[in-house]
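Q: Please find start_13.pdb (PDB, C-alpha atoms) on the next line:
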ATOM      1  CA  MET A  17      -4.408 -14.431   9.222  1.00  0.00           C
ATOM      2  CA  LYS A  18      -1.151 -12.814   8.184  1.00  0.00           C
ATOM      3  CA  THR A  19       0.235 -10.036  10.326  1.00  0.00           C
ATOM      4  CA  ILE A  20       0.937  -6.652   8.778  1.00  0.00           C
ATOM      5  CA  GLU A  21       4.672  -7.086   9.374  1.00  0.00           C
ATOM      6  CA  LYS A  22       4.653 -10.444   7.578  1.00  0.00           C
ATOM      7  CA  ILE A  23       2.798  -8.972   4.609  1.00  0.00           C
ATOM      8  CA  VAL A  24       5.258  -6.055   4.378  1.00  0.00           C
ATOM      9  CA  GLU A  25       8.110  -8.566   4.429  1.00  0.00           C
ATOM     10  CA  LEU A  26       6.458 -10.450   1.551  1.00  0.00           C
ATOM     11  CA  MET A  27       6.000  -7.146  -0.306  1.00  0.00           C
ATOM     12  CA  ARG A  28       9.730  -6.473  -0.097  1.00  0.00           C
ATOM     13  CA  GLU A  29      10.651  -9.993  -1.176  1.00  0.00           C
ATOM     14  CA  ASN A  30       8.319 -10.185  -4.177  1.00  0.00           C
ATOM     15  CA  PRO A  31       6.245  -7.141  -5.179  1.00  0.00           C
ATOM     16  CA  LYS A  32       4.797  -9.066  -8.137  1.00  0.00           C
ATOM     17  CA  GLY A  33       3.270 -11.917  -6.147  1.00  0.00           C
ATOM     18  CA  LEU A  34       1.169 -10.036  -3.595  1.00  0.00           C
ATOM     19  CA  LYS A  35      -2.580 -10.453  -3.223  1.00  0.00           C
ATOM     20  CA  PHE A  36      -4.564  -7.257  -3.630  1.00  0.00           C
ATOM     21  CA  THR A  37      -6.439  -7.890  -0.379  1.00  0.00           C
ATOM     22  CA  ASP A  38      -3.120  -8.091   1.503  1.00  0.00           C
ATOM     23  CA  LEU A  39      -2.019  -4.757   0.038  1.00  0.00           C
ATOM     24  CA  CYS A  40      -5.336  -3.253   1.140  1.00  0.00           C
ATOM     25  CA  LYS A  41      -4.771  -4.513   4.699  1.00  0.00           C
ATOM     26  CA  VAL A  42      -1.323  -2.903   4.832  1.00  0.00           C
ATOM     27  CA  CYS A  43      -2.597   0.390   3.427  1.00  0.00           C
ATOM     28  CA  ALA A  44      -5.562   0.527   5.808  1.00  0.00           C
ATOM     29  CA  TYR A  45      -3.270  -0.188   8.766  1.00  0.00           C
ATOM     30  CA  HIS A  46      -0.795   2.570   7.884  1.00  0.00           C
ATOM     31  CA  PHE A  47      -3.032   5.166   6.215  1.00  0.00           C
ATOM     32  CA  GLY A  48      -6.614   4.545   7.372  1.00  0.00           C
ATOM     33  CA  GLU A  49      -9.682   3.704   5.370  1.00  0.00           C
ATOM     34  CA  PRO A  50      -9.652   4.514   1.655  1.00  0.00           C
ATOM     35  CA  ARG A  51     -12.013   6.469  -0.469  1.00  0.00           C
ATOM     36  CA  THR A  52     -12.961   4.677  -3.631  1.00  0.00           C
ATOM     37  CA  LYS A  53     -13.276   6.087  -7.101  1.00  0.00           C
ATOM     38  CA  GLY A  54     -14.320   3.441  -9.582  1.00  0.00           C
ATOM     39  CA  SER A  55     -11.903   0.546  -9.284  1.00  0.00           C
ATOM     40  CA  HIS A  56      -9.281   2.621  -7.432  1.00  0.00           C
ATOM     41  CA  ARG A  57      -8.724   2.806  -3.686  1.00  0.00           C
ATOM     42  CA  ILE A  58      -7.120   6.052  -2.609  1.00  0.00           C
ATOM     43  CA  TYR A  59      -5.466   6.342   0.793  1.00  0.00           C
ATOM     44  CA  ARG A  60      -4.639   9.598   2.520  1.00  0.00           C
ATOM     45  CA  THR A  61      -1.107  10.318   3.669  1.00  0.00           C
ATOM     46  CA  PRO A  62      -0.105  12.771   6.424  1.00  0.00           C
ATOM     47  CA  TRP A  63       2.013  14.859   4.025  1.00  0.00           C
ATOM     48  CA  GLN A  64       0.938  17.044   1.134  1.00  0.00           C
ATOM     49  CA  GLY A  65       1.399  15.981  -2.445  1.00  0.00           C
ATOM     50  CA  ASP A  66       2.744  12.715  -3.734  1.00  0.00           C
ATOM     51  CA  PRO A  67       3.200   9.905  -3.152  1.00  0.00           C
ATOM     52  CA  ARG A  68      -0.501   9.476  -2.709  1.00  0.00           C
ATOM     53  CA  ILE A  69      -1.526   5.895  -2.228  1.00  0.00           C
ATOM     54  CA  ASN A  70      -3.684   4.913  -5.168  1.00  0.00           C
ATOM     55  CA  ILE A  71      -4.070   1.178  -5.755  1.00  0.00           C
ATOM     56  CA  GLN A  72      -6.103  -0.941  -8.136  1.00  0.00           C
ATOM     57  CA  ASP A  73      -6.986  -4.642  -8.256  1.00  0.00           C
ATOM     58  CA  ASP A  74      -5.405  -6.596 -11.114  1.00  0.00           C
ATOM     59  CA  ASN A  75      -7.375  -9.865 -11.183  1.00  0.00           C
ATOM     60  CA  GLY A  76      -6.845 -10.488  -7.483  1.00  0.00           C
ATOM     61  CA  LYS A  77      -3.200  -9.416  -7.491  1.00  0.00           C
ATOM     62  CA  ALA A  78      -1.590  -6.125  -6.594  1.00  0.00           C
ATOM     63  CA  LYS A  79       0.283  -4.288  -9.322  1.00  0.00           C
ATOM     64  CA  ALA A  80       4.028  -4.454  -8.630  1.00  0.00           C
ATOM     65  CA  TYR A  81       4.670  -0.745  -9.179  1.00  0.00           C
ATOM     66  CA  GLN A  82       1.889   0.103  -6.720  1.00  0.00           C
ATOM     67  CA  VAL A  83       3.384  -2.271  -4.140  1.00  0.00           C
ATOM     68  CA  ARG A  84       6.702  -0.437  -4.490  1.00  0.00           C
ATOM     69  CA  GLN A  85       4.917   2.917  -4.093  1.00  0.00           C
ATOM     70  CA  VAL A  86       3.292   1.703  -0.891  1.00  0.00           C
ATOM     71  CA  LEU A  87       6.654   0.514   0.441  1.00  0.00           C
ATOM     72  CA  ARG A  88       8.192   3.949  -0.259  1.00  0.00           C
ATOM     73  CA  ALA A  89       5.279   5.664   1.474  1.00  0.00           C
ATOM     74  CA  ILE A  90       5.631   3.397   4.541  1.00  0.00           C
ATOM     75  CA  GLU A  91       9.341   4.230   4.666  1.00  0.00           C
ATOM     76  CA  LYS A  92       8.571   7.944   4.423  1.00  0.00           C
ATOM     77  CA  LEU A  93       5.963   7.576   7.148  1.00  0.00           C
ATOM     78  CA  GLY A  94       8.494   5.818   9.380  1.00  0.00           C
ATOM     79  CA  GLY A  95      11.005   8.615   8.821  1.00  0.00           C
ATOM     80  CA  GLN A  96       8.509  11.157  10.141  1.00  0.00           C
ATOM     81  CA  ASP A  97       8.307   9.374  13.488  1.00  0.00           C
ATOM     82  CA  GLU A  98      11.980   9.978  14.226  1.00  0.00           C
TER      83      GLU A  98
END
Go through the file and emit its structure as C-alpha coordinates.

A:
Amino acid sequence: MKTIEKIVELMRENPKGLKFTDLCKVCAYHFGEPRTKGSHRIYRTPWQGDPRINIQDDNGKAKAYQVRQVLRAIEKLGGQDE
(Lines of atoms letter the chains of each structure in order from A and count residues from 1; the text may use other names and numbers.)
(Lines give C-alpha, C1' and ligand atoms only; values in the text may rest on other atoms or scores of the structure.)
Protein backbone atom coordinates (compact mmCIF):
# COMPACT_ATOMS: atom_id res chain seq x y z
CA MET A 1 0.00 0.00 0.00
CA LYS A 2 1.35 3.39 -0.99
CA THR A 3 1.68 6.04 1.68
CA ILE A 4 -0.07 9.37 1.25
CA GLU A 5 3.27 11.17 1.02
CA LYS A 6 4.43 8.83 -1.76
CA ILE A 7 1.21 9.37 -3.71
CA VAL A 8 1.52 13.17 -3.38
CA GLU A 9 5.09 12.90 -4.65
CA LEU A 10 3.83 10.92 -7.66
CA MET A 11 1.11 13.55 -8.21
CA ARG A 12 3.74 16.27 -8.44
CA GLU A 13 5.96 14.26 -10.76
CA ASN A 14 3.24 13.21 -13.21
CA PRO A 15 -0.32 14.52 -12.77
CA LYS A 16 -1.43 12.64 -15.91
CA GLY A 17 -0.45 9.16 -14.74
CA LEU A 18 -2.23 8.94 -11.39
CA LYS A 19 -4.82 6.30 -10.54
CA PHE A 20 -8.19 7.68 -9.51
CA THR A 21 -8.24 5.52 -6.39
CA ASP A 22 -4.91 7.03 -5.28
CA LEU A 23 -6.30 10.55 -5.72
CA CYS A 24 -9.32 9.55 -3.63
CA LYS A 25 -7.02 8.30 -0.84
CA VAL A 26 -5.13 11.61 -0.78
CA CYS A 27 -8.33 13.66 -0.77
CA ALA A 28 -9.93 11.58 1.99
CA TYR A 29 -6.77 11.90 4.11
CA HIS A 30 -6.59 15.69 3.78
CA PHE A 31 -10.26 16.66 3.48
CA GLY A 32 -12.35 13.83 4.96
CA GLU A 33 -14.97 11.67 3.35
CA PRO A 34 -16.61 12.95 0.17
CA ARG A 35 -20.20 13.42 -0.75
CA THR A 36 -21.05 11.98 -4.11
CA LYS A 37 -23.19 13.48 -6.81
CA GLY A 38 -23.44 11.20 -9.81
CA SER A 39 -19.93 10.34 -10.91
CA HIS A 40 -18.35 13.22 -8.95
CA ARG A 41 -16.77 13.07 -5.51
CA ILE A 42 -16.87 16.39 -3.71
CA TYR A 43 -14.59 17.03 -0.75
CA ARG A 44 -15.09 19.79 1.79
CA THR A 45 -12.32 22.27 2.49
CA PRO A 46 -11.91 24.33 5.69
CA TRP A 47 -12.16 27.64 3.79
CA GLN A 48 -15.12 29.19 2.02
CA GLY A 49 -15.39 29.24 -1.73
CA ASP A 50 -13.05 27.71 -4.24
CA PRO A 51 -11.01 25.68 -4.71
CA ARG A 52 -13.53 23.05 -3.81
CA ILE A 53 -12.29 19.56 -4.37
CA ASN A 54 -14.43 17.99 -7.06
CA ILE A 55 -12.96 14.94 -8.77
CA GLN A 56 -14.23 12.46 -11.33
CA ASP A 57 -13.01 9.06 -12.52
CA ASP A 58 -11.69 8.96 -16.09
CA ASN A 59 -11.53 5.23 -16.90
CA GLY A 60 -9.55 4.44 -13.77
CA LYS A 61 -7.28 7.46 -14.05
CA ALA A 62 -7.45 10.85 -12.40
CA LYS A 63 -7.87 13.87 -14.64
CA ALA A 64 -4.62 15.87 -14.70
CA TYR A 65 -6.26 19.25 -14.09
CA GLN A 66 -8.06 17.83 -11.05
CA VAL A 67 -4.78 16.44 -9.70
CA ARG A 68 -3.27 19.92 -9.99
CA GLN A 69 -6.30 21.41 -8.20
CA VAL A 70 -5.86 18.94 -5.35
CA LEU A 71 -2.17 19.80 -5.09
CA ARG A 72 -3.01 23.53 -4.87
CA ALA A 73 -5.61 22.83 -2.19
CA ILE A 74 -3.12 20.75 -0.16
CA GLU A 75 -0.62 23.61 -0.40
CA LYS A 76 -3.26 26.10 0.74
CA LEU A 77 -4.19 23.78 3.59
CA GLY A 78 -0.54 23.55 4.64
CA GLY A 79 -0.24 27.34 4.62
CA GLN A 80 -3.09 27.61 7.12
CA ASP A 81 -1.19 25.53 9.67
CA GLU A 82 1.60 28.08 9.92

Q: Would you mind telling me which residue in A:Gln64, A:Lys53, A:Val42, A:Ile71 lies nearest to Leu26 (chain A) when using all atoms listed in the file?

A: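 Nearest candidate to Leu26 (chain A) out of A:Gln64, A:Lys53, A:Val42, A:Ile71: A:Val42.
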
Q: With all atoms listed in the file as the basis for distance, which of A:Ala44, A:Glu49, A:Gly33, A:Arg28 is at the shortest distance from Gln85 (chain A)?

A: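 Checking each candidate against Gln85 (chain A), we get A:Arg28 as the closest.
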
Q: So what do you get for CA of Trp63 (chain A) versus CA of Glu29 (chain A), distance-wise?

A: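 We find that CA of Trp63 (chain A) and CA of Glu29 (chain A) lie 26.8 Å from each other.
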
Q: Could you list the residues chosen by the PyMOL selection byres ((chain A and resi 86) around 10) in this structure as a list in words?

A: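 This file gives the following for the PyMOL selection byres ((chain A and resi 86) around 10): Val24, Met27, Leu39, Val42, Cys43, His46, Pro67, Arg68, Ile69, Asn70, Ile71, Ala80, Tyr81, Gln82, Val83, Arg84, Gln85, Leu87, Arg88, Ala89, Ile90, Glu91 and Lys92 of chain A.
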
Q: As lines of an AutoDock Vina configuration file, what would the box around region 79-96 of chain A look like: edges along x, y and z, 4 Å added on every side, centre and edge lengths in Å to one decimal?

A:
center_x = 5.6
center_y = 3.4
center_z = 0.4
size_x = 18.7
size_y = 23.6
size_z = 27.5
